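Data block for query.cif (mmCIF, C-alpha atoms and all ligand atoms):
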data_entry
#
loop_
_atom_site.label_atom_id
_atom_site.label_comp_id
_atom_site.auth_asym_id
_atom_site.auth_seq_id
_atom_site.Cartn_x
_atom_site.Cartn_y
_atom_site.Cartn_z
CA MET A 1 13.65 3.29 -9.06
CA ALA A 2 15.96 4.00 -11.97
CA GLU A 3 14.05 7.15 -12.98
CA VAL A 4 15.91 9.53 -10.70
CA ASP A 5 19.40 10.60 -11.78
CA THR A 6 22.00 12.21 -9.57
CA PRO A 7 20.94 15.79 -8.76
CA THR A 8 23.14 18.40 -10.44
CA GLU A 9 21.90 21.43 -8.50
CA SER A 10 20.99 22.05 -4.90
CA PRO A 11 17.54 20.88 -3.76
CA ALA A 12 16.74 24.44 -2.67
CA ALA A 13 16.70 25.50 -6.33
CA SER A 14 13.45 23.60 -6.83
CA GLN A 15 11.70 25.69 -4.17
CA SER A 16 12.29 29.05 -5.75
CA ASN A 17 9.34 28.97 -8.16
CA ASN A 18 5.61 28.95 -7.56
CA VAL A 19 5.00 25.23 -7.79
CA LEU A 20 2.68 22.90 -5.86
CA TYR A 21 4.35 19.58 -5.03
CA LEU A 22 2.41 16.38 -4.39
CA GLY A 23 3.41 13.04 -2.94
CA VAL A 24 0.95 10.40 -4.12
CA ASP A 25 0.60 6.80 -2.97
CA LEU A 26 -1.87 4.94 -5.21
CA GLY A 27 -2.32 1.74 -3.19
CA THR A 28 -4.32 -1.42 -3.86
CA SER A 29 -6.33 -0.79 -0.71
CA ASN A 30 -5.84 2.92 0.09
CA SER A 31 -4.67 5.92 -1.90
CA SER A 32 -3.11 8.90 -0.17
CA VAL A 33 -1.84 12.32 -1.11
CA ALA A 34 0.37 14.80 0.76
CA THR A 35 0.96 18.34 -0.55
CA SER A 36 3.52 21.10 -0.11
CA THR A 37 0.59 23.16 1.27
CA ASP A 38 0.39 20.70 4.20
CA ILE A 39 -2.73 18.82 3.13
CA THR A 40 -2.82 15.05 3.81
CA ARG A 41 -5.77 12.95 2.64
CA THR A 42 -6.42 9.25 2.23
CA VAL A 43 -9.24 7.30 0.59
CA PRO A 44 -9.93 3.57 0.11
CA SER A 45 -9.08 2.74 -3.54
CA VAL A 46 -12.60 1.87 -4.63
CA VAL A 47 -15.05 3.47 -7.05
CA GLY A 48 -18.79 2.76 -7.18
CA TRP A 49 -21.63 3.49 -9.57
CA PRO A 50 -25.27 3.32 -8.40
CA LYS A 51 -26.74 -0.02 -9.52
CA ASP A 52 -30.12 1.34 -10.62
CA LEU A 53 -32.55 4.21 -10.37
CA VAL A 54 -33.39 3.53 -6.72
CA ALA A 55 -29.69 3.45 -5.82
CA TYR A 56 -29.20 6.72 -7.67
CA LYS A 57 -32.19 8.35 -5.93
CA PHE A 58 -30.87 7.13 -2.57
CA LEU A 59 -27.26 8.23 -3.07
CA GLN A 60 -27.95 11.35 -5.15
CA LYS A 61 -24.60 11.00 -6.92
CA PRO A 62 -23.52 9.53 -10.27
CA ILE A 63 -20.29 8.13 -8.77
CA VAL A 64 -18.95 7.58 -5.25
CA PHE A 65 -15.51 6.90 -3.78
CA GLY A 66 -13.82 5.30 -0.82
CA GLU A 67 -15.61 4.90 2.52
CA GLU A 68 -18.92 5.92 0.98
CA CYS A 69 -18.62 2.92 -1.36
CA VAL A 70 -17.91 0.58 1.52
CA ARG A 71 -20.88 1.90 3.53
CA ASN A 72 -23.31 1.69 0.60
CA ARG A 73 -21.93 -1.40 -1.11
CA MET A 74 -25.38 -3.01 -1.53
CA SER A 75 -26.45 -0.15 -3.81
CA LEU A 76 -23.32 0.05 -5.94
CA ASP A 77 -21.39 -1.67 -8.68
CA LEU A 78 -17.95 -1.54 -7.10
CA PHE A 79 -14.63 -1.40 -8.93
CA TYR A 80 -11.25 -1.72 -7.28
CA PRO A 81 -8.98 -0.07 -9.87
CA LEU A 82 -5.70 -1.43 -8.48
CA GLU A 83 -4.46 -5.00 -8.21
CA ASN A 84 -1.03 -6.04 -6.97
CA GLY A 85 -0.17 -2.37 -6.49
CA VAL A 86 -0.73 -1.36 -10.13
CA PHE A 87 -3.69 -0.41 -12.31
CA LYS A 88 -5.84 -3.36 -13.27
CA PHE A 89 -6.54 -2.17 -16.79
CA ARG A 90 -4.09 -2.96 -19.54
CA PRO A 91 -3.29 -0.14 -21.99
CA GLU A 92 -2.97 -2.68 -24.82
CA GLY A 93 -6.72 -3.38 -24.66
CA GLU A 94 -8.78 -6.22 -23.19
CA SER A 95 -10.03 -3.97 -20.39
CA GLU A 96 -13.65 -3.24 -19.73
CA GLU A 97 -14.56 0.38 -20.34
CA ARG A 98 -15.61 0.72 -16.69
CA GLU A 99 -12.18 -0.47 -15.46
CA VAL A 100 -10.45 2.23 -17.48
CA VAL A 101 -12.88 4.89 -16.26
CA ALA A 102 -12.58 3.65 -12.65
CA VAL A 103 -8.80 4.24 -12.73
CA GLN A 104 -9.22 7.70 -14.23
CA GLU A 105 -11.94 8.67 -11.77
CA LEU A 106 -10.03 7.42 -8.72
CA VAL A 107 -6.86 9.30 -9.74
CA ARG A 108 -8.90 12.42 -10.49
CA HIS A 109 -10.54 12.14 -7.07
CA VAL A 110 -7.18 11.77 -5.30
CA ILE A 111 -5.84 14.84 -7.14
CA GLU A 112 -8.99 16.77 -6.20
CA LEU A 113 -8.30 15.96 -2.55
CA ALA A 114 -5.05 17.95 -2.94
CA GLU A 115 -7.13 21.14 -3.45
CA ILE A 116 -5.02 22.49 -6.31
CA GLN A 117 -5.63 26.22 -6.84
CA SER A 118 -3.55 27.22 -9.87
CA GLY A 119 0.00 27.16 -11.18
CA THR A 120 2.37 24.30 -11.90
CA VAL A 121 1.80 20.95 -10.17
CA ARG A 122 4.52 18.32 -9.89
CA ALA A 123 4.02 14.88 -8.32
CA VAL A 124 6.10 11.92 -7.24
CA VAL A 125 3.96 8.77 -7.27
CA GLY A 126 4.80 5.46 -5.57
CA ALA A 127 4.71 2.10 -7.37
CA PRO A 128 5.67 -1.42 -6.22
CA ALA A 129 9.45 -1.79 -5.94
CA LEU A 130 9.76 -3.88 -9.07
CA ALA A 131 6.75 -2.67 -11.09
CA SER A 132 7.10 -3.16 -14.85
CA VAL A 133 7.88 -0.33 -17.25
CA ASN A 134 4.35 -0.63 -18.70
CA ASP A 135 2.73 -0.39 -15.28
CA LYS A 136 4.77 2.71 -14.42
CA GLN A 137 3.94 4.27 -17.80
CA ALA A 138 0.22 3.65 -17.21
CA ILE A 139 0.44 5.71 -13.99
CA ILE A 140 2.25 8.52 -15.83
CA ASP A 141 -0.32 8.50 -18.67
CA VAL A 142 -3.30 8.86 -16.35
CA MET A 143 -1.67 11.49 -14.10
CA GLN A 144 -0.30 13.57 -16.97
CA ASP A 145 -3.78 14.58 -18.06
CA LEU A 146 -4.35 16.13 -14.63
CA ILE A 147 -1.05 17.75 -13.62
CA ASP A 148 2.16 19.09 -15.19
CA SER A 149 4.90 16.58 -14.32
CA VAL A 150 4.97 13.09 -12.82
CA MET A 151 7.74 10.78 -11.62
CA VAL A 152 7.04 7.18 -10.62
CA VAL A 153 9.30 5.84 -7.86
CA SER A 154 9.59 2.64 -5.79
CA GLU A 155 7.26 2.77 -2.77
CA PRO A 156 9.55 1.30 -0.10
CA PHE A 157 12.32 3.64 -1.30
CA LEU A 158 9.93 6.56 -0.76
CA VAL A 159 9.22 5.36 2.77
CA ALA A 160 12.98 5.23 3.47
CA TYR A 161 13.55 8.65 1.88
CA GLY A 162 10.73 10.21 3.90
CA LEU A 163 12.18 8.88 7.15
CA GLY A 164 15.71 10.01 6.27
CA LEU A 165 16.90 6.38 6.25
CA TYR A 166 19.47 6.79 3.50
CA ASN A 167 22.02 4.24 4.65
CA ASN A 168 22.09 0.68 6.02
CA ALA A 169 18.32 0.34 6.50
CA LEU A 170 15.86 -2.27 5.28
CA ILE A 171 12.25 -1.20 4.63
CA VAL A 172 9.52 -3.85 4.57
CA ASP A 173 6.28 -2.28 3.26
CA ILE A 174 3.36 -4.67 3.81
CA GLY A 175 0.48 -3.41 1.67
CA ALA A 176 -2.70 -5.06 0.43
CA GLY A 177 -1.54 -6.19 -3.02
CA THR A 178 2.22 -6.33 -2.57
CA LEU A 179 4.83 -6.74 0.13
CA ASP A 180 7.80 -4.62 -0.98
CA LEU A 181 11.31 -4.65 0.41
CA CYS A 182 14.12 -2.19 -0.20
CA ARG A 183 17.58 -1.94 1.34
CA MET A 184 19.28 1.43 1.48
CA HIS A 185 23.04 1.86 1.18
CA GLY A 186 23.64 5.57 0.85
CA THR A 187 22.71 5.82 -2.83
CA ILE A 188 19.59 5.32 -4.95
CA PRO A 189 18.78 1.59 -4.66
CA ASP A 190 18.98 -0.72 -7.70
CA ASP A 191 16.67 -3.56 -8.65
CA GLU A 192 18.96 -5.97 -6.78
CA ASP A 193 18.27 -4.03 -3.56
CA GLN A 194 14.53 -4.55 -3.86
CA ARG A 195 11.92 -7.29 -3.89
CA THR A 196 8.19 -7.30 -4.63
CA LEU A 197 6.19 -10.22 -3.21
CA TYR A 198 2.55 -10.82 -4.08
CA LYS A 199 1.48 -12.38 -0.80
CA ALA A 200 0.34 -9.36 1.21
CA GLY A 201 -2.82 -8.15 3.00
CA ASN A 202 -5.28 -9.34 0.34
CA TYR A 203 -3.71 -12.79 0.42
CA VAL A 204 -4.16 -12.92 4.20
CA ASP A 205 -7.82 -11.91 3.71
CA GLU A 206 -8.34 -14.76 1.21
CA GLN A 207 -6.77 -17.32 3.53
CA PHE A 208 -8.70 -16.09 6.55
CA HIS A 209 -11.97 -15.92 4.63
CA ASP A 210 -11.61 -19.54 3.46
CA LEU A 211 -10.71 -20.78 6.96
CA LEU A 212 -13.60 -18.87 8.56
CA GLN A 213 -16.07 -20.16 6.00
CA ASP A 214 -14.89 -23.74 6.63
CA LYS A 215 -15.40 -23.25 10.36
CA ILE A 216 -18.76 -21.47 10.20
CA GLN A 217 -20.43 -23.36 7.40
CA ASP A 218 -23.99 -22.36 8.22
CA SER A 219 -23.50 -18.65 7.70
CA PRO A 220 -22.18 -16.90 4.60
CA ILE A 221 -19.13 -14.81 5.53
CA SER A 222 -18.27 -11.84 3.32
CA ARG A 223 -14.70 -10.86 2.40
CA HIS A 224 -15.45 -7.50 3.95
CA LEU A 225 -16.30 -9.09 7.32
CA ALA A 226 -13.16 -11.29 7.21
CA ASN A 227 -11.09 -8.16 6.48
CA SER A 228 -12.64 -6.19 9.37
CA ILE A 229 -12.00 -9.02 11.84
CA LYS A 230 -8.43 -9.34 10.58
CA GLU A 231 -7.72 -5.62 10.97
CA ARG A 232 -9.09 -5.64 14.50
CA TYR A 233 -7.35 -8.75 15.88
CA SER A 234 -4.43 -9.64 13.55
CA PHE A 235 -1.46 -11.30 15.25
CA VAL A 236 1.40 -13.76 14.70
CA SER A 237 2.57 -14.44 18.24
CA PRO A 238 1.93 -17.77 20.06
CA ILE A 239 -1.74 -18.15 21.00
CA THR A 240 -2.24 -17.42 24.69
CA GLU A 241 -5.96 -16.72 24.71
CA GLY A 242 -8.92 -17.10 22.39
CA ILE A 243 -10.52 -14.43 20.23
CA SER A 244 -14.31 -14.64 20.43
CA VAL A 245 -16.28 -13.13 17.59
CA GLU A 246 -20.06 -13.17 17.14
CA PHE A 247 -21.54 -14.43 13.85
CA GLN A 248 -25.16 -14.59 12.75
CA VAL A 249 -26.05 -18.25 12.22
CA ALA A 250 -29.64 -18.93 11.09
CA GLY A 251 -30.53 -15.43 12.27
CA LYS A 252 -29.09 -15.91 15.78
CA PRO A 253 -25.79 -14.64 17.24
CA VAL A 254 -23.27 -17.41 17.96
CA LEU A 255 -19.77 -16.93 19.41
CA TYR A 256 -16.80 -18.60 17.72
CA ASN A 257 -13.15 -18.65 18.74
CA ILE A 258 -11.31 -17.60 15.56
CA ALA A 259 -7.77 -17.21 17.00
CA GLU A 260 -6.27 -20.27 15.29
CA GLU A 261 -7.67 -19.36 11.85
CA LEU A 262 -6.50 -15.76 12.10
CA LYS A 263 -3.02 -16.74 13.23
CA THR A 264 -2.68 -19.24 10.38
CA ALA A 265 -3.81 -16.61 7.85
CA CYS A 266 -1.49 -13.88 9.16
CA GLU A 267 1.44 -16.30 9.31
CA SER A 268 0.94 -17.21 5.64
CA LEU A 269 2.95 -14.05 4.85
CA LEU A 270 5.96 -15.11 6.84
CA PRO A 271 7.87 -17.74 4.80
CA ASP A 272 8.31 -15.58 1.66
CA MET A 273 8.94 -12.45 3.71
CA PHE A 274 11.60 -14.20 5.81
CA SER A 275 13.37 -15.50 2.67
CA ALA A 276 13.41 -12.05 1.07
CA ILE A 277 14.71 -10.38 4.26
CA ARG A 278 17.42 -13.03 4.67
CA GLU A 279 18.45 -12.72 1.05
CA LEU A 280 18.72 -8.93 1.19
CA ILE A 281 20.77 -9.10 4.40
CA THR A 282 23.11 -11.96 3.49
CA THR A 283 23.93 -10.51 0.06
CA PHE A 284 24.73 -7.08 1.57
CA GLU A 285 28.31 -5.87 2.03
CA PRO A 286 29.43 -8.07 5.01
CA GLU A 287 30.94 -5.17 6.94
CA PHE A 288 27.55 -3.41 7.08
CA GLN A 289 25.24 -6.41 7.63
CA ASP A 290 25.15 -5.84 11.41
CA GLU A 291 23.91 -2.30 10.95
CA LEU A 292 21.35 -3.37 8.33
CA ARG A 293 19.98 -6.08 10.64
CA ASN A 294 19.58 -3.49 13.36
CA ASN A 295 17.65 -1.12 11.16
CA ILE A 296 14.68 -3.09 9.79
CA VAL A 297 11.61 -0.87 9.48
CA LEU A 298 8.08 -2.12 8.86
CA ALA A 299 5.60 0.07 6.94
CA GLY A 300 2.18 -0.29 5.27
CA GLY A 301 -1.08 -1.43 6.87
CA GLY A 302 0.30 -4.94 7.44
CA SER A 303 2.93 -3.51 9.81
CA GLN A 304 0.07 -3.36 12.36
CA ILE A 305 -0.06 -7.17 12.72
CA LYS A 306 0.71 -7.76 16.39
CA GLY A 307 3.91 -9.65 17.16
CA LEU A 308 5.49 -9.07 13.73
CA PRO A 309 8.66 -7.25 14.91
CA GLU A 310 9.33 -9.89 17.56
CA ILE A 311 8.84 -12.85 15.19
CA ILE A 312 11.20 -11.30 12.59
CA GLU A 313 13.78 -10.60 15.31
CA SER A 314 13.62 -14.16 16.59
CA HIS A 315 13.77 -15.60 13.06
CA LEU A 316 17.01 -13.72 12.33
CA SER A 317 18.58 -14.10 15.77
CA GLU A 318 21.08 -16.76 14.59
CA PHE A 319 22.90 -13.97 12.69
CA GLY A 320 23.37 -11.74 15.77
CA ALA A 321 21.52 -8.72 17.13
CA VAL A 322 18.39 -7.67 15.22
CA ARG A 323 16.15 -4.64 15.68
CA VAL A 324 12.79 -4.25 13.97
CA THR A 325 10.68 -1.11 14.35
CA ILE A 326 7.41 0.15 12.86
CA VAL A 327 6.93 3.52 11.16
CA ASP A 328 4.95 6.03 13.22
CA ASP A 329 2.53 6.78 10.42
CA PRO A 330 1.77 3.71 8.26
CA VAL A 331 -1.00 5.54 6.38
CA TYR A 332 1.08 8.46 5.10
CA ALA A 333 4.70 7.18 5.22
CA GLY A 334 4.72 6.59 1.43
CA ALA A 335 2.95 9.81 0.41
CA LEU A 336 5.09 11.95 2.76
CA GLY A 337 8.27 10.35 1.41
CA ALA A 338 7.06 11.05 -2.13
CA LEU A 339 6.34 14.68 -1.21
CA LYS A 340 9.79 15.09 0.32
CA LEU A 341 11.44 13.68 -2.80
CA ALA A 342 9.30 15.91 -5.05
CA GLN A 343 10.36 18.96 -3.05
CA ASP A 344 14.04 17.97 -3.00
CA MET A 345 14.19 17.16 -6.72
CA PRO A 346 16.12 19.81 -8.70
CA GLU A 347 14.11 21.70 -11.31
CA SER A 348 16.36 20.34 -14.06
CA GLU A 349 15.17 16.79 -13.26
CA TRP A 350 11.54 17.87 -13.57
CA ALA A 351 12.24 19.58 -16.86
CA SER A 352 13.29 16.26 -18.35
CA VAL A 353 10.12 14.30 -17.45
N1 LIG A 401 -4.39 -3.74 12.06
C1 LIG A 401 -4.12 -4.39 10.93
N2 LIG A 401 -3.69 -5.66 10.96
C2 LIG A 401 -3.43 -6.34 9.83
N3 LIG A 401 -3.56 -5.83 8.60
C3 LIG A 401 -3.98 -4.56 8.51
C4 LIG A 401 -4.28 -3.77 9.65
N4 LIG A 401 -4.67 -2.54 9.23
C5 LIG A 401 -4.62 -2.57 7.89
N5 LIG A 401 -4.21 -3.78 7.46
C6 LIG A 401 -4.08 -4.25 6.08
O1 LIG A 401 -3.13 -3.46 5.40
C7 LIG A 401 -3.46 -3.45 4.01
C8 LIG A 401 -3.52 -2.00 3.56
O2 LIG A 401 -2.28 -1.43 3.76
P1 LIG A 401 -1.78 -0.24 2.84
O3 LIG A 401 -2.76 0.87 2.90
O4 LIG A 401 -0.36 0.03 3.21
O5 LIG A 401 -1.86 -0.96 1.42
P2 LIG A 401 -1.85 -0.31 -0.02
O6 LIG A 401 -0.78 0.71 -0.05
O7 LIG A 401 -3.21 0.13 -0.38
O8 LIG A 401 -1.48 -1.58 -0.90
P3 LIG A 401 -0.25 -1.82 -1.90
O9 LIG A 401 0.92 -1.07 -1.33
O10 LIG A 401 -0.07 -3.29 -1.92
O11 LIG A 401 -0.72 -1.28 -3.21
C9 LIG A 401 -4.82 -4.13 3.87
O12 LIG A 401 -4.64 -5.48 3.47
C10 LIG A 401 -5.35 -4.05 5.28
O13 LIG A 401 -6.29 -5.07 5.56
MG MG A 402 1.25 0.68 -0.43
#
Just give me the structure as structure tokens.
Ligand SMILES: Nc1ncnc2c1ncn2[C@@H]1O[C@H](COP(=O)(O)OP(=O)(O)OP(=O)(O)O)[C@@H](O)[C@H]1O
Ligand SMILES: [Mg+2]
Amino acid sequence: MAEVDTPTESPAASQSNNVLYLGVDLGTSNSSVATSTDITRTVPSVVGWPKDLVAYKFLQKPIVFGEECVRNRMSLDLFYPLENGVFKFRPEGESEEREVVAVQELVRHVIELAEIQSGTVRAVVGAPALASVNDKQAIIDVMQDLIDSVMVVSEPFLVAYGLGLYNNALIVDIGAGTLDLCRMHGTIPDDEDQRTLYKAGNYVDEQFHDLLQDKIQDSPISRHLANSIKERYSFVSPITEGISVEFQVAGKPVLYNIAEELKTACESLLPDMFSAIRELITTFEPEFQDELRNNIVLAGGGSQIKGLPEIIESHLSEFGAVRVTIVDDPVYAGALGALKLAQDMPESEWASV
């Protein structure tokens, strides 16, 4: 998050001109946009092309996005343009043509959702806390063809900024590709205040898919099905009752208790997340550690895993009181934070990007 320098004029100065501001969250699983004209939109980060003539006749479109891809996945060649929170394609080559186009089309679609009329458009875009310079530049390159100015900023910082958590707060943003942490201490956070871990929602899906397939060997389980079951029942608390889910085995419905497998998969996030949280707390200014521990905020789709706040609180209890909360709006927390930063950013900062 080193891109933003100290503002030299009042934030209000940036509001005086006729500019549309966007907050954009290009996520591995979902991409969202929030605008200064009060539009909020989100779309699964997937692009699909009809597989053949029949698919084209059926869908009546040369390209489809988001939910429509998921619904019609049998008819489409699907591309997920983001991996680990950044674009899959590499600017230095090696990428398939379709991967490059998929990124461009997804970004163009997200910008279209913002319903831009005319005039200057400025956007703040989220990236994983410790994304590389190349990955941030790739986002700028693709966005710059579509709008006037772009700044790329750490996602968990944007969540904190949007919630007004400027001081002594620890954001834990559990996405699909990355789990990002950022501690706030009253100034713009440095690299040492942030962590990016690569075990996040997609990793849980992989673990759960493997465990399910081992259990139900006579029926092929898709990643999509494993993901839907996870999103419906995810939890990390002690098992008190079973979770019965129906699977088609040899054409017939059979009930399986999948509680143990789901718990194991969801808990696979915990060891690395606990270490990163502990590290960020214990290396914080000792005088303020109490306050930091009492202001841990979970964001991202993974924040919906049941029992997560309680298990983090109990894991850290040896240090003293701990309080973990969940953002009210996990879908838009990043995009709304990005919009707020875009609107607060002095015009002189935009002029230099
Ligand atoms: N109820 C739920 N329980 C567990 N996981 C969930 C739930 N709802 C959504 N998720 C998971 O959250 C992840 C998506 O979250 P989010 O939209 O914040 O990610 P993203 O921003 O697209 O990814 P990233 O930030 O890594 O690029 C997916 O892995 C999804 O399966
Ligand atoms: Mg995200």
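CA of Asn30 in chain A lies 15.9 Å from CA of Tyr203 in chain A.
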Where does chain A meet ligand LIG 401 (chain A) within 6 Å, residue by residue, with the nearest atom pair and distance in Å to one decimal for each, counting all atoms listed in the file, listed by chain and rising number, as a tab-separated table?
residue	atom	partner	partner_atom	distance
A:Gly27	CA	A:LIG401	O7	3.4
A:Thr28	CA	A:LIG401	O11	3.7
A:Ser29	CA	A:LIG401	O7	3.3
A:Asn30	CA	A:LIG401	O7	3.9
A:Asn84	CA	A:LIG401	O10	5.8
A:Gly85	CA	A:LIG401	O11	3.5
A:Gly175	CA	A:LIG401	O5	3.4
A:Ala176	CA	A:LIG401	O12	3.6
A:Gly177	CA	A:LIG401	O10	3.4
A:Thr178	CA	A:LIG401	O10	3.9
A:Gly201	CA	A:LIG401	O12	3.3
A:Asn202	CA	A:LIG401	O12	5.0
A:Asn227	CA	A:LIG401	O13	5.8
A:Lys230	CA	A:LIG401	C2	5.9
A:Glu231	CA	A:LIG401	C1	3.8
A:Arg232	CA	A:LIG401	N1	5.6
A:Ser234	CA	A:LIG401	N2	4.8
A:Gly300	CA	A:LIG401	O4	3.3
A:Gly301	CA	A:LIG401	O1	3.2
A:Gly302	CA	A:LIG401	N3	4.1
A:Gln304	CA	A:LIG401	N1	4.5
A:Ile305	CA	A:LIG401	N2	4.3
Which residues come within 6 Å of range 210-222 of chain A, counting all atoms listed in the file, excluding same-chain residues fewer than 3 positions away, as a short mmCIF file (atom, residue, chain, number, x, y, z; two decimals) with C-alpha atoms, in the coordinates of the input?
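What follows is the written file part-v5.cif:
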data_model
loop_
_atom_site.label_atom_id
_atom_site.label_comp_id
_atom_site.auth_asym_id
_atom_site.auth_seq_id
_atom_site.Cartn_x
_atom_site.Cartn_y
_atom_site.Cartn_z
CA GLN A 207 -6.77 -17.32 3.53
CA LEU A 225 -16.30 -9.09 7.32
CA VAL A 249 -26.05 -18.25 12.22
CA GLU A 261 -7.67 -19.36 11.85
#
Margin query: Let me make sure I understand: among A:Leu316, A:Ala160, A:Leu146, A:Val86, which one has the smallest atom-to-atom distance to ligand MG 402 (chain A) if we use all atoms listed in the file?
Written below: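 Closest candidate: A:Val86.
Each of A:Leu280, A:Ile296, A:Ala259, A:Ala200 was checked against ligand MG 402 (chain A) using only C-alpha atoms and all ligand atoms; the smallest atom-to-atom distance is that of A:Ala200.
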Notebook entry, point to check: Rounded to one decimal in Å, what is the spacing between CA of Val245 in chain A and CA of Ile258 in chain A?
Noted result: 7.0 Å
Next item on the list: Would you kindly return, as an NGL selection string, each protein, DNA or RNA residue with an atom no farther than 12 Å from any atom of Pro238 in chain A, considering all atoms listed in the file and excluding same-chain residues fewer than 5 positions away?
Entry: :A and (259-260 or 262-264 or 267 or 306-308 or 310-311)
Notebook entry, point to check: Which neighbours of Leu26 in chain A fall inside 8 Å, counting only C-alpha atoms, when residues of the same chain fewer than 2 positions from it are skipped, and could you give them as an NGL selection string?
Noted result: :A and (24 or 28 or 30-32 or 45 or 85 or 125-127)
Next item on the list: Between A:Phe87, A:Ser228, A:Arg278, A:Ala114, single out the one closest to Glu318 in chain A, counting all atoms listed in the file.
Entry: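 Of A:Phe87, A:Ser228, A:Arg278, A:Ala114, the one nearest Glu318 in chain A, counting all atoms listed in the file, is A:Arg278.
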Give me range 298-310 of chain A with N, CA, C and O atoms filled in, as a tab-separated table (two decimals), in the frame of the given file.
chain	number	residue	atom	x	y	z
A	298	LEU	N	9.31	-1.63	9.48
A	298	LEU	CA	8.08	-2.12	8.86
A	298	LEU	C	7.15	-0.94	8.54
A	298	LEU	O	7.00	-0.04	9.36
A	299	ALA	N	6.54	-0.99	7.35
A	299	ALA	CA	5.60	0.07	6.94
A	299	ALA	C	4.39	-0.59	6.31
A	299	ALA	O	4.32	-1.82	6.18
A	300	GLY	N	3.40	0.24	5.89
A	300	GLY	CA	2.18	-0.29	5.27
A	300	GLY	C	1.21	-0.79	6.33
A	300	GLY	O	1.58	-1.01	7.50
A	301	GLY	N	-0.04	-0.99	5.92
A	301	GLY	CA	-1.08	-1.43	6.87
A	301	GLY	C	-0.74	-2.73	7.56
A	301	GLY	O	-1.06	-2.93	8.74
A	302	GLY	N	-0.05	-3.64	6.86
A	302	GLY	CA	0.30	-4.94	7.44
A	302	GLY	C	1.31	-4.84	8.57
A	302	GLY	O	1.49	-5.80	9.33
A	303	SER	N	1.97	-3.69	8.70
A	303	SER	CA	2.93	-3.51	9.81
A	303	SER	C	2.20	-3.52	11.15
A	303	SER	O	2.83	-3.63	12.20
A	304	GLN	N	0.85	-3.40	11.12
A	304	GLN	CA	0.07	-3.36	12.36
A	304	GLN	C	-0.23	-4.75	12.92
A	304	GLN	O	-0.84	-4.87	13.98
A	305	ILE	N	0.17	-5.81	12.21
A	305	ILE	CA	-0.06	-7.17	12.72
A	305	ILE	C	0.73	-7.34	14.02
A	305	ILE	O	1.96	-7.16	14.02
A	306	LYS	N	0.03	-7.68	15.09
A	306	LYS	CA	0.71	-7.76	16.39
A	306	LYS	C	1.73	-8.91	16.41
A	306	LYS	O	1.47	-9.98	15.87
A	307	GLY	N	2.88	-8.63	17.01
A	307	GLY	CA	3.91	-9.65	17.16
A	307	GLY	C	4.87	-9.76	15.99
A	307	GLY	O	5.83	-10.54	16.02
A	308	LEU	N	4.65	-8.95	14.94
A	308	LEU	CA	5.49	-9.07	13.73
A	308	LEU	C	6.96	-8.71	14.00
A	308	LEU	O	7.86	-9.47	13.61
A	309	PRO	N	7.24	-7.57	14.67
A	309	PRO	CA	8.66	-7.25	14.91
A	309	PRO	C	9.36	-8.36	15.68
A	309	PRO	O	10.47	-8.79	15.31
A	310	GLU	N	8.69	-8.87	16.71
A	310	GLU	CA	9.33	-9.89	17.56
A	310	GLU	C	9.60	-11.18	16.77
A	310	GLU	O	10.65	-11.80	16.91
